[in-house]
$ cat structure_5.cif   # mmCIF, C-alpha atoms and all ligand atoms
data_query
loop_
_atom_site.label_atom_id
_atom_site.label_comp_id
_atom_site.auth_asym_id
_atom_site.auth_seq_id
_atom_site.Cartn_x
_atom_site.Cartn_y
_atom_site.Cartn_z
CA ILE I 146 46.87 -95.37 13.73
CA GLU I 147 50.35 -95.85 12.31
CA GLU I 148 52.03 -99.13 13.06
CA ALA I 149 54.78 -97.53 15.19
CA LYS I 150 52.20 -95.99 17.50
CA ILE I 151 50.93 -99.47 18.37
CA ARG I 152 54.38 -101.02 18.71
CA TYR I 153 55.49 -98.34 21.17
CA LYS I 154 53.82 -97.13 24.34
CA ALA I 155 53.79 -93.53 25.50
CA PRO I 156 57.11 -92.99 27.31
CA ILE I 157 56.53 -92.23 30.99
CA VAL I 158 58.23 -88.97 31.93
CA CYS I 159 58.57 -87.83 35.54
CA ILE I 160 59.15 -84.25 36.60
CA LEU I 161 61.27 -83.73 39.71
CA GLY I 162 62.85 -80.69 41.31
CA HIS I 163 63.02 -78.32 44.24
CA VAL I 164 59.80 -76.70 45.45
CA ASP I 165 58.46 -73.84 43.30
CA THR I 166 60.89 -74.26 40.42
CA GLY I 167 57.88 -74.41 38.07
CA LYS I 168 57.20 -78.14 37.52
CA THR I 169 53.41 -77.85 37.56
CA LYS I 170 53.44 -74.51 35.74
CA LEU I 171 55.42 -76.02 32.84
CA LEU I 172 52.74 -78.68 32.46
CA ASP I 173 50.02 -76.04 32.76
CA LYS I 174 51.61 -74.17 29.88
CA ILE I 175 51.61 -77.27 27.68
CA ARG I 176 48.07 -78.27 28.70
CA ARG I 177 46.71 -74.68 28.62
CA THR I 178 45.34 -75.25 32.12
CA ASN I 179 45.76 -73.58 35.47
CA VAL I 180 46.19 -76.46 37.89
CA GLN I 181 48.94 -74.70 39.84
CA ALA I 182 46.71 -71.76 40.81
CA SER I 183 44.21 -74.09 42.45
CA GLU I 184 46.77 -75.86 44.65
CA ALA I 185 46.70 -75.07 48.38
CA GLY I 186 49.50 -72.56 48.96
CA GLY I 187 50.65 -73.14 45.39
CA ILE I 188 52.26 -76.37 46.62
CA THR I 189 51.83 -79.74 44.90
CA GLN I 190 50.92 -82.40 47.47
CA GLN I 191 50.10 -85.43 45.30
CA ILE I 192 51.47 -87.30 42.36
CA GLY I 193 49.77 -86.24 39.14
CA ALA I 194 49.55 -87.71 35.66
CA THR I 195 48.66 -86.22 32.29
CA MET I 196 48.53 -87.84 28.87
CA PHE I 197 49.93 -85.64 26.10
CA PRO I 198 48.84 -87.15 22.76
CA ALA I 199 51.30 -87.20 19.85
CA ASP I 200 49.36 -84.65 17.79
CA ALA I 201 49.48 -82.10 20.62
CA ILE I 202 53.23 -82.61 20.93
CA GLU I 203 53.66 -82.34 17.20
CA THR I 204 51.95 -78.93 17.22
CA LEU I 205 54.04 -77.74 20.14
CA THR I 206 57.37 -78.75 18.59
CA GLN I 207 56.62 -77.15 15.23
CA LYS I 208 58.63 -74.05 16.20
CA LEU I 209 61.90 -75.97 16.42
CA PRO I 210 64.26 -74.96 13.63
CA ASN I 211 65.67 -77.85 11.57
CA LEU I 212 63.10 -80.18 13.05
CA SER I 213 63.52 -83.66 11.69
CA LEU I 214 61.47 -85.37 14.32
CA SER I 215 59.02 -88.07 13.39
CA ILE I 216 56.87 -88.97 16.34
CA ASP I 217 56.66 -92.76 16.63
CA VAL I 218 55.08 -92.90 20.08
CA PRO I 219 51.37 -92.43 20.81
CA GLY I 220 52.16 -89.59 23.22
CA LEU I 221 53.93 -88.78 26.48
CA LEU I 222 52.55 -89.71 29.90
CA ILE I 223 53.94 -87.07 32.25
CA ILE I 224 54.03 -87.59 36.02
CA ASP I 225 54.11 -84.45 38.17
CA THR I 226 55.60 -84.73 41.66
CA PRO I 227 55.80 -82.40 44.68
CA GLY I 228 59.07 -80.57 45.34
CA HIS I 229 58.43 -79.75 48.99
CA GLU I 230 61.02 -81.42 51.20
CA SER I 231 58.43 -83.32 53.26
CA PHE I 232 57.21 -85.32 50.24
CA SER I 233 60.28 -87.40 49.47
CA ASN I 234 58.13 -90.58 49.58
CA LEU I 235 56.05 -89.19 46.70
CA ARG I 236 59.13 -88.22 44.70
CA SER I 237 60.47 -91.68 45.15
CA ARG I 238 57.17 -93.34 44.21
CA GLY I 239 56.63 -91.07 41.18
CA SER I 240 60.10 -91.66 39.85
CA SER I 241 59.93 -95.43 40.20
CA LEU I 242 57.39 -95.50 37.36
CA CYS I 243 59.22 -93.53 34.72
CA ASN I 244 61.35 -94.15 31.63
CA ILE I 245 62.87 -90.67 31.53
CA GLY I 246 63.09 -87.61 33.78
CA ILE I 247 62.93 -83.84 33.66
CA LEU I 248 64.74 -82.11 36.52
CA VAL I 249 63.48 -78.53 36.86
CA VAL I 250 65.97 -75.92 38.12
CA ASP I 251 65.14 -72.24 38.68
CA ILE I 252 67.78 -70.27 36.73
CA MET I 253 67.64 -67.53 39.38
CA HIS I 254 68.43 -70.02 42.20
CA GLY I 255 70.61 -72.74 40.70
CA LEU I 256 70.92 -76.07 42.54
CA GLU I 257 68.84 -76.36 45.74
CA ASN I 258 68.29 -79.13 48.31
CA GLN I 259 65.66 -81.14 46.45
CA THR I 260 67.56 -80.63 43.18
CA ILE I 261 70.36 -82.62 44.78
CA GLU I 262 67.89 -85.18 46.14
CA SER I 263 66.35 -85.56 42.66
CA LEU I 264 69.78 -86.00 41.09
CA SER I 265 70.51 -88.89 43.39
CA ILE I 266 67.10 -90.47 42.69
CA PHE I 267 67.87 -90.42 38.94
CA LYS I 268 71.33 -91.78 39.54
CA THR I 269 70.27 -94.58 41.92
CA LYS I 270 67.41 -95.68 39.66
CA ASN I 271 69.50 -95.24 36.53
CA ILE I 272 66.93 -92.98 34.84
CA PRO I 273 68.16 -90.79 31.97
CA PHE I 274 67.08 -87.16 32.44
CA ILE I 275 67.38 -83.63 31.12
CA VAL I 276 67.35 -80.37 33.05
CA ALA I 277 64.80 -77.63 32.37
CA LEU I 278 66.58 -74.41 33.36
CA ASN I 279 63.33 -72.61 34.04
CA LYS I 280 62.15 -69.01 34.60
CA ILE I 281 64.39 -67.46 31.92
CA ASP I 282 61.72 -64.75 31.55
CA ARG I 283 62.81 -63.44 34.96
CA LEU I 284 66.23 -62.37 33.66
CA TYR I 285 66.46 -58.58 33.86
CA GLU I 286 65.05 -56.97 30.68
CA TRP I 287 64.28 -60.31 29.03
CA SER I 288 62.11 -59.66 26.01
CA PRO I 289 59.68 -62.56 25.55
CA SER I 290 58.61 -64.18 22.27
CA LYS I 291 55.69 -66.36 23.18
CA ASP I 292 56.16 -70.16 22.75
CA GLU I 293 59.35 -69.74 20.69
CA ALA I 294 62.22 -72.20 20.43
CA PHE I 295 65.00 -71.11 22.77
CA LEU I 296 67.63 -70.01 20.26
CA THR I 297 65.08 -68.03 18.24
CA THR I 298 64.21 -65.91 21.27
CA PHE I 299 67.76 -65.85 22.64
CA ASN I 300 69.14 -64.39 19.41
CA LYS I 301 66.66 -61.53 19.68
CA GLN I 302 67.79 -60.53 23.21
CA SER I 303 70.06 -57.54 23.82
CA GLY I 304 73.76 -58.14 24.47
CA HIS I 305 73.55 -57.61 28.22
CA VAL I 306 70.56 -59.99 28.57
CA GLN I 307 72.49 -62.62 26.61
CA SER I 308 75.55 -62.25 28.81
CA GLU I 309 73.44 -62.35 31.97
CA PHE I 310 71.86 -65.60 30.73
CA MET I 311 75.28 -67.08 29.93
CA ARG I 312 76.64 -66.04 33.33
CA ARG I 313 73.79 -67.78 35.19
CA ALA I 314 73.88 -70.85 32.93
CA LYS I 315 77.62 -71.21 33.52
CA GLU I 316 77.14 -70.82 37.27
CA THR I 317 74.59 -73.65 37.28
CA ILE I 318 76.88 -75.81 35.15
CA LEU I 319 79.66 -75.22 37.69
CA GLU I 320 77.33 -76.26 40.51
CA PHE I 321 76.61 -79.50 38.64
CA ASN I 322 80.36 -80.00 38.24
CA HIS I 323 80.83 -79.62 41.99
CA LYS I 324 78.28 -82.39 42.51
CA GLY I 325 80.23 -84.60 40.13
CA TYR I 326 78.15 -84.17 36.96
CA ASN I 327 79.14 -82.81 33.57
CA ALA I 328 76.48 -80.51 32.16
CA ALA I 329 76.06 -78.35 29.05
CA LEU I 330 73.41 -76.28 27.30
CA TYR I 331 71.70 -78.90 25.16
CA TYR I 332 72.53 -77.28 21.82
CA GLU I 333 76.23 -77.21 22.76
CA ASN I 334 76.32 -80.66 24.37
CA PRO I 335 79.47 -82.43 23.09
CA ASP I 336 78.31 -85.89 24.26
CA PRO I 337 74.84 -86.52 25.72
CA GLU I 338 76.12 -89.79 27.24
CA GLU I 339 78.62 -87.84 29.34
CA TYR I 340 76.95 -84.46 29.82
CA ILE I 341 73.53 -83.60 31.25
CA SER I 342 71.59 -81.46 28.75
CA LEU I 343 70.23 -78.14 30.01
CA VAL I 344 67.16 -76.75 28.23
CA PRO I 345 66.35 -73.12 29.05
CA THR I 346 62.56 -72.68 29.49
CA SER I 347 59.86 -70.36 30.73
CA ALA I 348 56.58 -71.77 31.99
CA ILE I 349 55.05 -68.31 31.75
CA THR I 350 55.97 -67.38 28.16
CA GLY I 351 56.33 -70.92 26.80
CA GLU I 352 59.81 -70.16 25.48
CA GLY I 353 62.02 -73.25 25.25
CA ILE I 354 59.09 -75.65 25.72
CA PRO I 355 59.37 -76.84 22.07
CA ASP I 356 63.04 -77.63 22.78
CA MET I 357 62.22 -79.47 26.01
CA LEU I 358 59.58 -81.69 24.36
CA GLY I 359 61.74 -82.25 21.27
CA LEU I 360 64.67 -83.37 23.42
CA ILE I 361 62.55 -85.75 25.51
CA LEU I 362 61.08 -87.34 22.38
CA ASN I 363 64.48 -87.58 20.82
CA ILE I 364 65.98 -89.43 23.81
CA ALA I 365 62.90 -91.66 24.14
CA GLN I 366 62.97 -92.64 20.47
CA THR I 367 66.73 -93.28 20.26
CA LYS I 368 68.49 -94.26 23.49
CA LEU I 369 65.30 -95.63 25.11
CA ARG I 370 63.68 -97.12 22.02
CA SER I 371 63.81 -100.71 23.24
CA SER I 372 62.43 -99.89 26.69
CA ILE I 373 59.28 -98.23 25.30
CA ILE I 374 58.16 -101.18 23.21
CA TYR I 375 54.70 -102.09 24.48
CA GLN I 376 54.71 -105.31 26.53
CA PRO I 377 51.48 -107.29 27.01
CA LYS I 378 52.53 -108.50 30.47
CA LEU I 379 50.78 -106.32 33.06
CA GLU I 380 52.85 -103.81 35.02
CA ALA I 381 50.90 -101.33 37.14
CA THR I 382 51.38 -99.35 40.35
CA VAL I 383 48.99 -97.53 42.68
CA MET I 384 50.04 -93.87 42.91
CA GLU I 385 47.31 -92.38 45.07
CA VAL I 386 44.23 -93.53 47.03
CA LYS I 387 41.36 -91.03 46.98
CA THR I 388 37.73 -90.63 47.92
CA ILE I 389 35.69 -89.12 45.10
CA GLU I 390 32.11 -88.01 45.55
CA GLY I 391 29.79 -90.49 43.87
CA LEU I 392 32.55 -93.07 43.39
CA GLY I 393 33.74 -93.76 46.93
CA THR I 394 37.36 -94.79 47.43
CA THR I 395 39.22 -94.91 44.13
CA ILE I 396 42.83 -95.65 43.24
CA ASP I 397 44.93 -93.72 40.73
CA VAL I 398 47.06 -96.26 38.93
CA ILE I 399 49.87 -95.89 36.43
CA LEU I 400 49.57 -98.64 33.84
CA MET I 401 53.10 -99.15 32.55
CA ASN I 402 52.48 -102.25 30.44
CA GLY I 403 49.58 -104.51 29.55
CA VAL I 404 45.82 -103.99 29.59
CA ILE I 405 43.22 -103.46 32.33
CA LYS I 406 39.55 -104.21 31.68
CA GLU I 407 36.29 -103.50 33.40
CA ASP I 408 35.37 -106.37 35.73
CA ASP I 409 38.98 -107.60 35.98
CA ASN I 410 39.84 -109.15 39.32
CA ILE I 411 42.53 -106.87 40.73
CA ILE I 412 44.79 -107.47 43.69
CA VAL I 413 46.56 -104.71 45.61
CA SER I 414 48.22 -104.59 48.97
CA GLY I 415 46.36 -103.03 51.87
CA PHE I 416 47.15 -101.90 55.39
CA ASN I 417 45.01 -104.75 56.73
CA GLY I 418 46.22 -107.41 54.32
CA PRO I 419 45.81 -107.98 50.60
CA ILE I 420 42.75 -106.63 48.80
CA SER I 421 41.05 -108.53 46.00
CA THR I 422 38.16 -106.88 44.17
CA ARG I 423 36.58 -106.37 40.74
CA VAL I 424 37.02 -103.23 38.63
CA ARG I 425 33.68 -101.43 38.67
CA ALA I 426 34.68 -98.44 36.58
CA LEU I 427 37.79 -97.69 34.56
CA LEU I 428 38.22 -93.95 34.25
CA THR I 429 40.63 -91.44 32.75
CA PRO I 430 40.57 -87.68 32.55
CA MET I 431 40.36 -86.15 29.05
CA PRO I 432 43.67 -86.06 27.16
CA LEU I 433 45.70 -83.01 28.23
CA ARG I 434 43.92 -82.98 31.59
CA GLU I 435 45.51 -83.69 34.96
CA MET I 436 44.35 -86.88 36.66
CA ARG I 437 44.60 -85.42 40.15
CA VAL I 438 42.13 -82.62 39.36
CA LYS I 439 38.57 -83.65 40.08
CA GLY I 440 36.67 -83.19 36.87
CA GLU I 441 34.94 -85.06 34.15
CA TYR I 442 36.14 -88.63 33.69
CA LEU I 443 35.89 -90.75 30.57
CA HIS I 444 34.62 -94.31 31.08
CA HIS I 445 36.40 -97.17 29.31
CA LYS I 446 35.80 -100.90 28.80
CA ALA I 447 39.54 -101.57 28.57
CA LEU I 448 42.75 -99.52 28.64
CA ARG I 449 46.19 -100.24 27.26
CA ALA I 450 49.54 -98.95 28.56
CA SER I 451 50.86 -96.39 29.04
CA MET I 452 48.03 -94.67 30.84
CA GLY I 453 47.05 -92.98 34.08
CA VAL I 454 43.89 -94.79 35.19
CA LYS I 455 41.43 -94.13 37.96
CA ILE I 456 39.83 -97.35 39.20
CA SER I 457 36.64 -97.44 41.16
CA ALA I 458 35.84 -100.70 42.98
CA GLN I 459 34.53 -101.97 46.28
CA GLY I 460 36.77 -102.44 49.26
CA LEU I 461 39.67 -100.18 48.23
CA ASP I 462 39.58 -98.10 51.44
CA HIS I 463 42.79 -99.43 52.97
CA THR I 464 44.85 -99.70 49.79
CA MET I 465 48.51 -98.91 50.27
CA ALA I 466 49.73 -96.24 47.87
CA GLY I 467 52.83 -97.48 46.07
CA SER I 468 51.48 -101.03 45.90
CA PRO I 469 51.83 -102.99 42.68
CA LEU I 470 48.54 -104.02 41.06
CA PHE I 471 47.99 -107.56 39.78
CA ILE I 472 45.15 -109.10 37.79
CA ALA I 473 44.02 -112.66 38.52
CA LYS I 474 43.08 -114.58 35.38
CA ASN I 475 40.97 -117.00 37.45
CA GLU I 476 39.94 -117.71 41.05
CA GLU I 477 42.77 -120.20 41.57
CA GLU I 478 45.39 -117.50 41.00
CA ILE I 479 44.09 -115.19 43.72
CA PRO I 480 45.81 -116.69 46.82
CA ARG I 481 49.25 -116.72 45.15
CA LEU I 482 48.88 -113.13 43.92
CA GLN I 483 47.64 -112.01 47.35
CA GLU I 484 50.75 -113.44 48.92
CA GLU I 485 52.98 -111.89 46.26
CA VAL I 486 51.43 -108.42 46.49
CA GLN I 487 52.05 -108.15 50.25
CA LYS I 488 55.72 -109.02 49.76
CA GLU I 489 56.46 -105.98 47.58
P1 LIG I 501 55.90 -77.66 43.86
O1 LIG I 501 55.10 -78.63 43.07
O2 LIG I 501 55.13 -77.11 45.00
O3 LIG I 501 57.21 -78.21 44.24
O4 LIG I 501 56.22 -76.36 42.90
P2 LIG I 501 56.44 -76.41 41.33
O5 LIG I 501 57.83 -76.78 41.02
O6 LIG I 501 55.36 -77.20 40.70
O7 LIG I 501 56.31 -74.87 40.94
P3 LIG I 501 54.96 -74.16 40.51
O8 LIG I 501 54.51 -74.58 39.19
O9 LIG I 501 54.04 -74.27 41.66
O10 LIG I 501 55.47 -72.65 40.38
C1 LIG I 501 55.90 -71.92 41.53
C2 LIG I 501 55.78 -70.43 41.28
O11 LIG I 501 56.71 -70.04 40.28
C3 LIG I 501 54.41 -70.00 40.78
O12 LIG I 501 54.11 -68.75 41.34
C4 LIG I 501 54.61 -69.88 39.29
O13 LIG I 501 53.74 -68.95 38.69
C5 LIG I 501 56.06 -69.41 39.21
N1 LIG I 501 56.72 -69.84 37.96
C6 LIG I 501 56.83 -71.09 37.52
N2 LIG I 501 57.50 -71.13 36.36
C7 LIG I 501 57.82 -69.86 36.06
C8 LIG I 501 58.53 -69.24 35.00
O14 LIG I 501 59.01 -69.87 34.06
N3 LIG I 501 58.66 -67.89 35.06
C9 LIG I 501 58.17 -67.13 36.08
N4 LIG I 501 58.36 -65.82 36.04
N5 LIG I 501 57.50 -67.69 37.10
C10 LIG I 501 57.33 -69.04 37.10
MG MG I 502 53.95 -78.47 41.48
NA NA I 503 54.64 -74.76 43.93
#

$ encode --input "structure_5.cif" --output "structure tokens" --more "lines below"
Ligand code: GTP
Ligand code: MG
Ligand code: NA
Amino acid sequence: IEEAKIRYKAPIVCILGHVDTGKTKLLDKIRRTNVQASEAGGITQQIGATMFPADAIETLTQKLPNLSLSIDVPGLLIIDTPGHESFSNLRSRGSSLCNIGILVVDIMHGLENQTIESLSIFKTKNIPFIVALNKIDRLYEWSPSKDEAFLTTFNKQSGHVQSEFMRRAKETILEFNHKGYNAALYYENPDPEEYISLVPTSAITGEGIPDMLGLILNIAQTKLRSSIIYQPKLEATVMEVKTIEGLGTTIDVILMNGVIKEDDNIIVSGFNGPISTRVRALLTPMPLREMRVKGEYLHHKALRASMGVKISAQGLDHTMAGSPLFIAKNEEEIPRLQEEVQKE
């Protein structure tokens, strides 16, 4: 592995947006999976996590013209969240873990209620973000070029498709203006510090996805460079608590910094007081596979941030989702950490 890929951790990217704007489908397109089709009612109801290794991202961004992107990070850890209005606790929890955000907006609908909610989450938590202006393939008479960079496919569209795109893009930009935000198509953005960048995408045809990934990497490796330096001090949060056949109650944890090992003494907060237990199994899905989909898990002796980790251990039944996770170095540390974990 190159030196840079050890110095930096995978930036944690969270995807937020109104229900059915295509958050999960965008990830499906990148993963070549079909997670969305297996969701009840096509609605995401949990926080998800997928590791996208650097080589996969390199392949996907190859179509960008004038690409001068060297990938210094080991990958991107992308957190999927539900857009349904009743899951604002999950949006809040998912976003509290991330370095950078993608706000998905349906180009046919513009800004909707949870778009506005997501905007204020990013603002309050001071998270830099881009907008994926998704579903461009739904523009009347759009002629798709599979997986192409946006401008490559846009330049091939007929005049009336191009003007229809521009009309809708401008309308969305105006809606952002009315909410107090400057916004611009990313390739026309006069000042990314002042203007939100809009990346036109389609989760069905893959168009614009190279641009979206390229832009995220670019921001992560410039503006956010110092915040993605790997830190050995443990930072981890419980995202979800789940019963898995054969494993019992497990917790899905986002490891933001540091290392977790098999047999580590972990401490999390629980509904009936703090929980202290030993890691029995440290699991991850395969790379490019969604953590929240029950499938084959890889077993590990130790894992280093950033990573989505499933932990199996005794006594996790009443774990509180959203709890921080601590590791006690020795028995003496346990009481102090138990007290600390219940405070947060
Ligand atoms: P929640 O997680 O429930 O908030 O929804 P979501 O934002 O994850 O949207 P999802 O991926 O479930 O997609 C919603 C619907 O829109 C599905 O029927 C998708 O097939 C469709 N869809 C998503 N992206 C696109 C797109 O780019 N083009 C078209 N034509 N349809 C899309
Ligand atoms: Mg979804
Ligand atoms: Na959906």

$ closest_residue --input "structure_5.cif" --among "I:Glu203, I:Val158, I:Ile420, I:Arg437" --to "ligand MG 502 (chain I)" --atoms "all atoms listed in the file"
I:Arg437

$ closest_residue --input "structure_5.cif" --among "I:Lys170, I:Lys368, I:His463, I:Arg423" --to "I:Phe274" --atoms "only C-alpha atoms"
I:Lys368

$ residues_around --input "structure_5.cif" --residues "I:Gln207" --least-positions-apart "2" --cutoff "10 Å" --atoms "all atoms listed in the file" --output "list in words"
Ile202, Glu203, Thr204, Leu205, Leu209, Pro210, Asn211, Leu212, Leu214, Glu293, Ala294, Pro355, Asp356 and Gly359 of chain I

$ closest_residue --input "structure_5.cif" --among "I:Asn271, I:Ser265, I:Thr169, I:Thr297" --to "I:Lys208" --atoms "all atoms listed in the file"
I:Thr297

$ closest_atom_pairs --input "structure_5.cif" --of "chain I" --to "ligand NA 503 (chain I)" --cutoff "9 Å" --atoms "all atoms listed in the file" --output "JSON lines"
{"residue": "I:Val164", "atom": "CA", "partner": "I:NA503", "partner_atom": "NA", "distance": 5.7}
{"residue": "I:Asp165", "atom": "CA", "partner": "I:NA503", "partner_atom": "NA", "distance": 4.0}
{"residue": "I:Thr166", "atom": "CA", "partner": "I:NA503", "partner_atom": "NA", "distance": 7.2}
{"residue": "I:Gly167", "atom": "CA", "partner": "I:NA503", "partner_atom": "NA", "distance": 6.7}
{"residue": "I:Lys168", "atom": "CA", "partner": "I:NA503", "partner_atom": "NA", "distance": 7.7}
{"residue": "I:Thr169", "atom": "CA", "partner": "I:NA503", "partner_atom": "NA", "distance": 7.2}
{"residue": "I:Lys170", "atom": "CA", "partner": "I:NA503", "partner_atom": "NA", "distance": 8.3}
{"residue": "I:Gln181", "atom": "CA", "partner": "I:NA503", "partner_atom": "NA", "distance": 7.0}
{"residue": "I:Glu184", "atom": "CA", "partner": "I:NA503", "partner_atom": "NA", "distance": 8.0}
{"residue": "I:Gly186", "atom": "CA", "partner": "I:NA503", "partner_atom": "NA", "distance": 7.5}
{"residue": "I:Gly187", "atom": "CA", "partner": "I:NA503", "partner_atom": "NA", "distance": 4.5}
{"residue": "I:Ile188", "atom": "CA", "partner": "I:NA503", "partner_atom": "NA", "distance": 3.9}
{"residue": "I:Thr189", "atom": "CA", "partner": "I:NA503", "partner_atom": "NA", "distance": 5.8}
{"residue": "I:Pro227", "atom": "CA", "partner": "I:NA503", "partner_atom": "NA", "distance": 7.8}
{"residue": "I:Gly228", "atom": "CA", "partner": "I:NA503", "partner_atom": "NA", "distance": 7.4}
{"residue": "I:His229", "atom": "CA", "partner": "I:NA503", "partner_atom": "NA", "distance": 8.1}

$ residues_around --input "structure_5.cif" --residues "I:Tyr285" --least-positions-apart "4" --cutoff "10 Å" --atoms "only C-alpha atoms" --output "PyMOL selection string"
chain I and resi 281+305-306+309-310

$ write_last_selection --input "structure_5.cif" --atoms "C-alpha atoms" --output "tab-separated table (two decimals), in the coordinates of the input"
chain	number	residue	atom	x	y	z
I	281	ILE	CA	64.39	-67.46	31.92
I	305	HIS	CA	73.55	-57.61	28.22
I	306	VAL	CA	70.56	-59.99	28.57
I	309	GLU	CA	73.44	-62.35	31.97
I	310	PHE	CA	71.86	-65.60	30.73

$ residues_around --input "structure_5.cif" --residues "I:Val424" --least-positions-apart "4" --cutoff "7 Å" --atoms "all atoms listed in the file" --output "list in words"
Glu407, Asp408, Asp409, Asn410, Ile411, Ile456, Ser457 and Ala458 of chain I

$ atom_distance --input "structure_5.cif" --atom1 "atom CA of I:Gly246" --atom2 "atom CA of I:Val276"
8.4 Å

$ residues_around --input "structure_5.cif" --residues "I:Met465" --least-positions-apart "4" --cutoff "9 Å" --atoms "only C-alpha atoms" --output "ChimeraX atom specification"
/I:383,385-386,413-416

$ closest_residue --input "structure_5.cif" --among "I:Ile389, I:Met401, I:Leu343, I:Ile192" --to "ligand LIG 501 (chain I)" --atoms "only C-alpha atoms and all ligand atoms"
I:Ile192

$ residues_around --input "structure_5.cif" --residues "I:Ile224" --least-positions-apart "3" --cutoff "12 Å" --atoms "all atoms listed in the file" --output "ChimeraX atom specification"
/I:156-161,168-169,172,191-197,221,227,235-247,384,397-399,434-437,451-453

$ atom_distance --input "structure_5.cif" --atom1 "atom CA of I:Leu369" --atom2 "atom CA of I:Ala328"
20.1 Å

$ closest_residue --input "structure_5.cif" --among "I:Ala348, I:Ser290, I:Asp462, I:Gly220" --to "ligand MG 502 (chain I)" --atoms "all atoms listed in the file"
I:Ala348

$ closest_residue --input "structure_5.cif" --among "I:Thr429, I:Lys150, I:Glu478, I:Ser288" --to "I:His445" --atoms "all atoms listed in the file"
I:Thr429

$ atom_distance --input "structure_5.cif" --atom1 "atom CA of I:Pro198" --atom2 "atom CA of I:Glu380"
21.1 Å

$ axis_aligned_box --input "structure_5.cif" --around "stretch 363-382 of chain I" --padding-each-side "5 Å" --output "AutoDock Vina command-line options"
--center_x 59.6 --center_y -98.0 --center_z 30.3 --size_x 27.7 --size_y 30.9 --size_z 30.1

$ residues_near_point --input "structure_5.cif" --point "(65.2, -61.8, 30.9)" --cutoff "12 Å" --atoms "all atoms listed in the file" --output "NGL selection string"
:I and (252-253 or 279-290 or 298-299 or 301-311 or 313 or 345-347 or 350 or 352)

$ residues_near_point --input "structure_5.cif" --point "(73.6, -77.2, 30.7)" --cutoff "7 Å" --atoms "all atoms listed in the file" --output "tab-separated table (two decimals) with C-alpha atoms, in the frame of the given file"
chain	number	residue	atom	x	y	z
I	314	ALA	CA	73.88	-70.85	32.93
I	318	ILE	CA	76.88	-75.81	35.15
I	328	ALA	CA	76.48	-80.51	32.16
I	329	ALA	CA	76.06	-78.35	29.05
I	330	LEU	CA	73.41	-76.28	27.30
I	331	TYR	CA	71.70	-78.90	25.16
I	341	ILE	CA	73.53	-83.60	31.25
I	342	SER	CA	71.59	-81.46	28.75
I	343	LEU	CA	70.23	-78.14	30.01
I	344	VAL	CA	67.16	-76.75	28.23
